[in-house]
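A.B. asks: Dropping in final_7.txt, with compact mmCIF, C-alpha atoms.
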```txt
# COMPACT_ATOMS: atom_id res chain seq x y z
CA MET A 11 114.72 -128.82 -93.17
CA THR A 12 117.62 -128.17 -90.96
CA SER A 13 119.13 -126.03 -93.58
CA GLN A 14 115.82 -124.25 -93.85
CA SER A 15 115.52 -123.77 -90.10
CA GLN A 16 119.14 -122.78 -90.00
CA GLY A 17 118.50 -120.18 -92.73
CA ILE A 18 115.46 -118.89 -90.82
CA HIS A 19 117.51 -118.81 -87.65
CA GLN A 20 120.25 -116.80 -89.41
CA LEU A 21 117.61 -114.48 -90.86
CA LEU A 22 116.10 -113.87 -87.41
CA GLN A 23 119.57 -113.20 -85.98
CA ALA A 24 120.31 -110.75 -88.79
CA GLU A 25 116.99 -109.01 -88.14
CA LYS A 26 117.79 -108.83 -84.43
CA ARG A 27 121.25 -107.37 -85.13
CA ALA A 28 119.75 -104.83 -87.53
CA LYS A 29 117.12 -103.91 -84.96
CA ASP A 30 119.82 -103.52 -82.28
CA LYS A 31 121.88 -101.36 -84.62
CA LEU A 32 118.85 -99.19 -85.38
CA GLU A 33 118.14 -98.73 -81.68
CA GLU A 34 121.78 -97.92 -81.04
CA ALA A 35 121.77 -95.39 -83.87
CA LYS A 36 118.57 -93.83 -82.54
CA LYS A 37 120.17 -93.51 -79.11
CA LYS A 38 123.24 -91.86 -80.59
CA THR A 39 121.23 -89.42 -82.68
CA GLY A 40 118.89 -88.81 -79.76
CA THR A 41 121.90 -87.98 -77.60
CA ALA A 42 123.42 -85.85 -80.34
CA SER A 43 120.23 -83.87 -80.76
CA GLY A 44 120.02 -83.61 -76.96
CA LYS A 45 123.58 -82.25 -76.96
CA GLY A 46 122.66 -79.86 -79.73
CA LYS A 47 119.65 -78.67 -77.78
CA ARG A 48 121.74 -78.30 -74.63
CA LEU A 49 124.45 -76.40 -76.54
CA LYS A 50 121.80 -74.11 -78.03
CA GLN A 51 120.27 -73.53 -74.61
CA ALA A 52 123.71 -72.83 -73.11
CA LYS A 53 124.44 -70.38 -75.92
CA GLU A 54 121.15 -68.56 -75.30
CA GLU A 55 121.87 -68.41 -71.55
CA ALA A 56 125.34 -67.06 -72.26
CA MET A 57 123.91 -64.39 -74.58
CA VAL A 58 121.43 -63.31 -71.87
CA GLU A 59 124.25 -63.14 -69.32
CA ILE A 60 126.43 -61.15 -71.74
CA ASP A 61 123.58 -58.70 -72.38
CA GLN A 62 123.05 -58.21 -68.64
CA TYR A 63 126.77 -57.63 -68.09
CA ARG A 64 126.90 -55.22 -71.04
CA MET A 65 123.93 -53.25 -69.69
CA GLN A 66 125.53 -53.10 -66.22
CA ARG A 67 128.84 -51.85 -67.63
CA ASP A 68 127.03 -49.36 -69.88
CA LYS A 69 125.14 -48.01 -66.86
CA GLU A 70 128.39 -47.64 -64.88
CA PHE A 71 130.00 -45.89 -67.86
CA ARG A 72 127.11 -43.46 -68.18
CA LEU A 73 127.31 -42.63 -64.47
CA LYS A 74 131.04 -41.95 -64.68
CA GLN A 75 130.56 -39.97 -67.88
CA SER A 76 127.84 -37.83 -66.31
CA LYS A 77 130.09 -37.14 -63.30
CA ILE A 78 132.98 -36.13 -65.55
CA MET A 79 130.87 -34.19 -68.02
CA GLY A 80 129.06 -32.53 -65.14
CA SER A 81 132.37 -31.29 -63.77
CA GLN A 82 133.37 -30.18 -67.27
CA ASN A 83 130.14 -28.24 -67.56
CA ASN A 84 130.96 -26.56 -64.24
CA LEU A 85 134.43 -25.69 -65.56
CA SER A 86 132.88 -24.31 -68.73
CA ASP A 87 130.53 -22.13 -66.70
CA GLU A 88 133.44 -20.91 -64.55
CA ILE A 89 135.51 -20.04 -67.62
CA GLU A 90 132.57 -18.21 -69.17
CA GLU A 91 132.05 -16.18 -65.97
CA GLN A 92 135.76 -15.29 -65.85
CA THR A 93 135.67 -14.25 -69.50
CA LEU A 94 132.65 -12.02 -69.00
CA GLY A 95 134.31 -10.48 -65.94
CA LYS A 96 137.46 -9.77 -67.90
CA ILE A 97 135.47 -8.22 -70.77
CA GLN A 98 133.61 -5.96 -68.33
CA GLU A 99 136.91 -4.96 -66.70
CA LEU A 100 138.44 -4.11 -70.07
CA ASN A 101 135.36 -2.11 -71.10
CA GLY A 102 135.60 -0.21 -67.82
CA HIS A 103 139.27 0.64 -68.43
CA TYR A 104 138.43 1.67 -71.99
CA ASN A 105 135.69 4.01 -70.87
CA LYS A 106 137.84 5.39 -68.05
CA TYR A 107 140.95 6.19 -70.09
CA MET A 108 139.49 6.81 -73.57
CA GLU A 109 138.91 10.53 -73.15
CA SER A 110 142.31 11.25 -71.63
CA VAL A 111 144.11 9.21 -74.30
CA MET A 112 142.17 10.95 -77.11
CA ASN A 113 142.97 14.40 -75.63
CA GLN A 114 146.64 13.50 -75.32
CA LEU A 115 146.73 12.20 -78.90
CA LEU A 116 144.95 15.27 -80.30
CA SER A 117 147.22 17.65 -78.37
CA MET A 118 150.28 15.93 -79.81
CA VAL A 119 148.93 16.17 -83.35
CA CYS A 120 147.40 19.64 -83.22
CA ASP A 121 149.83 21.51 -80.98
CA MET A 122 152.91 21.30 -83.14
CA LYS A 123 155.95 23.31 -82.12
CA PRO A 124 158.21 23.90 -85.07
CA GLU A 125 161.78 23.10 -84.11
CA ILE A 126 164.86 22.39 -86.12
CA HIS A 127 166.03 18.90 -85.82
CA VAL A 128 169.39 18.37 -84.13
CA ASN A 129 170.84 16.58 -87.08
CA TYR A 130 169.97 19.39 -89.45
CA ARG A 131 173.01 21.33 -90.66
CA ALA A 132 172.70 24.65 -92.18
CA THR A 133 174.80 25.01 -95.27
CA ASN A 134 175.94 28.58 -95.93
```
Can you present the structure in this file as structure tokens?

C.D. replies:
Amino acid sequence: MTSQSQGIHQLLQAEKRAKDKLEEAKKKTGTASGKGKRLKQAKEEAMVEIDQYRMQRDKEFRLKQSKIMGSQNNLSDEIEEQTLGKIQELNGHYNKYMESVMNQLLSMVCDMKPEIHVNYRATN
């Protein structure tokens, strides 16, 4: 009987050790899944924070861009005004001097005075 009770005693101890190992394994996996959950939560929090930072930087960029582009639009308007002014000035000069230049050109072409060129040598 002692061998029987000893065998039962060993069996109970083996069961107890197995039970302890199972509980220990459950604790480890429970902690691991808890770590996994915590890592996932931390990752989600980090993504939210990154999105907020990205939106803030994007807003700042758009403000700076609008300031710069606004000043470029002003420069573009200034250049366009100067160009139109210059075109009007040139048209005014054209209209002012066109008639006198045409008269001068026509008088040079139509009023020819026949003269012998200085380099012409008469051969007799």

A.B. asks: Please, what is the axis-aligned box for every listed atom of region 58-62 of chain A with 8 Å on each side, as centre and edge lengths in Å to one decimal, as AutoDock Vina command-line options?

C.D. replies:
```
--center_x 123.9 --center_y -60.8 --center_z -70.5 --size_x 21.0 --size_y 21.1 --size_z 19.7
```

A.B. asks: As an exercise, work out the distance from CA of His103 (chain A) to CA of Asp121 (chain A) in Å and give it to one decimal place.

C.D. replies: 26.5 Å

A.B. asks: Could you check how far CA of Lys37 (chain A) sits from CA of Leu22 (chain A), in Å to one decimal?

C.D. replies: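 These two atoms are separated by 22.4 Å.
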
A.B. asks: Rebuild region 81-99 of chain A to N, CA, C and O atoms - output it as a compact mmCIF listing (two decimals), in the coordinates of the input, please.

C.D. replies:
```txt
# COMPACT_ATOMS: atom_id res chain seq x y z
N SER A 81 131.29 -32.14 -64.25
CA SER A 81 132.37 -31.29 -63.77
C SER A 81 132.93 -30.44 -64.91
O SER A 81 133.34 -29.31 -64.71
N GLN A 82 132.92 -30.97 -66.13
CA GLN A 82 133.37 -30.18 -67.27
C GLN A 82 132.40 -29.04 -67.55
O GLN A 82 132.82 -27.95 -67.91
N ASN A 83 131.12 -29.30 -67.38
CA ASN A 83 130.14 -28.24 -67.56
C ASN A 83 130.36 -27.15 -66.52
O ASN A 83 130.24 -25.96 -66.82
N ASN A 84 130.68 -27.54 -65.29
CA ASN A 84 130.96 -26.56 -64.24
C ASN A 84 132.19 -25.74 -64.61
O ASN A 84 132.22 -24.53 -64.41
N LEU A 85 133.22 -26.41 -65.14
CA LEU A 85 134.43 -25.69 -65.56
C LEU A 85 134.10 -24.73 -66.69
O LEU A 85 134.59 -23.60 -66.72
N SER A 86 133.28 -25.17 -67.61
CA SER A 86 132.88 -24.31 -68.73
C SER A 86 132.14 -23.09 -68.23
O SER A 86 132.39 -21.96 -68.69
N ASP A 87 131.25 -23.28 -67.27
CA ASP A 87 130.53 -22.13 -66.70
C ASP A 87 131.48 -21.18 -65.99
O ASP A 87 131.37 -19.96 -66.12
N GLU A 88 132.45 -21.75 -65.26
CA GLU A 88 133.44 -20.91 -64.55
C GLU A 88 134.25 -20.08 -65.55
O GLU A 88 134.47 -18.88 -65.35
N ILE A 89 134.70 -20.73 -66.61
CA ILE A 89 135.51 -20.04 -67.62
C ILE A 89 134.69 -18.94 -68.28
O ILE A 89 135.19 -17.83 -68.52
N GLU A 90 133.43 -19.22 -68.56
CA GLU A 90 132.57 -18.21 -69.17
C GLU A 90 132.38 -17.01 -68.24
O GLU A 90 132.44 -15.86 -68.68
N GLU A 91 132.19 -17.27 -66.94
CA GLU A 91 132.05 -16.18 -65.97
C GLU A 91 133.33 -15.34 -65.91
O GLU A 91 133.27 -14.10 -65.88
N GLN A 92 134.48 -16.02 -65.89
CA GLN A 92 135.76 -15.29 -65.85
C GLN A 92 135.92 -14.44 -67.11
O GLN A 92 136.38 -13.30 -67.03
N THR A 93 135.55 -14.99 -68.24
CA THR A 93 135.67 -14.25 -69.50
C THR A 93 134.78 -13.02 -69.49
O THR A 93 135.22 -11.92 -69.88
N LEU A 94 133.55 -13.18 -69.06
CA LEU A 94 132.65 -12.02 -69.00
C LEU A 94 133.17 -10.97 -68.02
O LEU A 94 133.10 -9.77 -68.30
N GLY A 95 133.72 -11.41 -66.90
CA GLY A 95 134.31 -10.48 -65.94
C GLY A 95 135.46 -9.70 -66.54
O GLY A 95 135.59 -8.48 -66.34
N LYS A 96 136.30 -10.41 -67.27
CA LYS A 96 137.46 -9.77 -67.90
C LYS A 96 137.01 -8.76 -68.96
O LYS A 96 137.58 -7.67 -69.07
N ILE A 97 135.98 -9.13 -69.74
CA ILE A 97 135.47 -8.22 -70.77
C ILE A 97 134.91 -6.96 -70.11
O ILE A 97 135.17 -5.83 -70.58
N GLN A 98 134.16 -7.12 -69.03
CA GLN A 98 133.61 -5.96 -68.33
C GLN A 98 134.74 -5.08 -67.77
O GLN A 98 134.67 -3.85 -67.83
N GLU A 99 135.76 -5.72 -67.24
CA GLU A 99 136.91 -4.96 -66.70
C GLU A 99 137.59 -4.15 -67.81
O GLU A 99 137.90 -2.97 -67.64
```
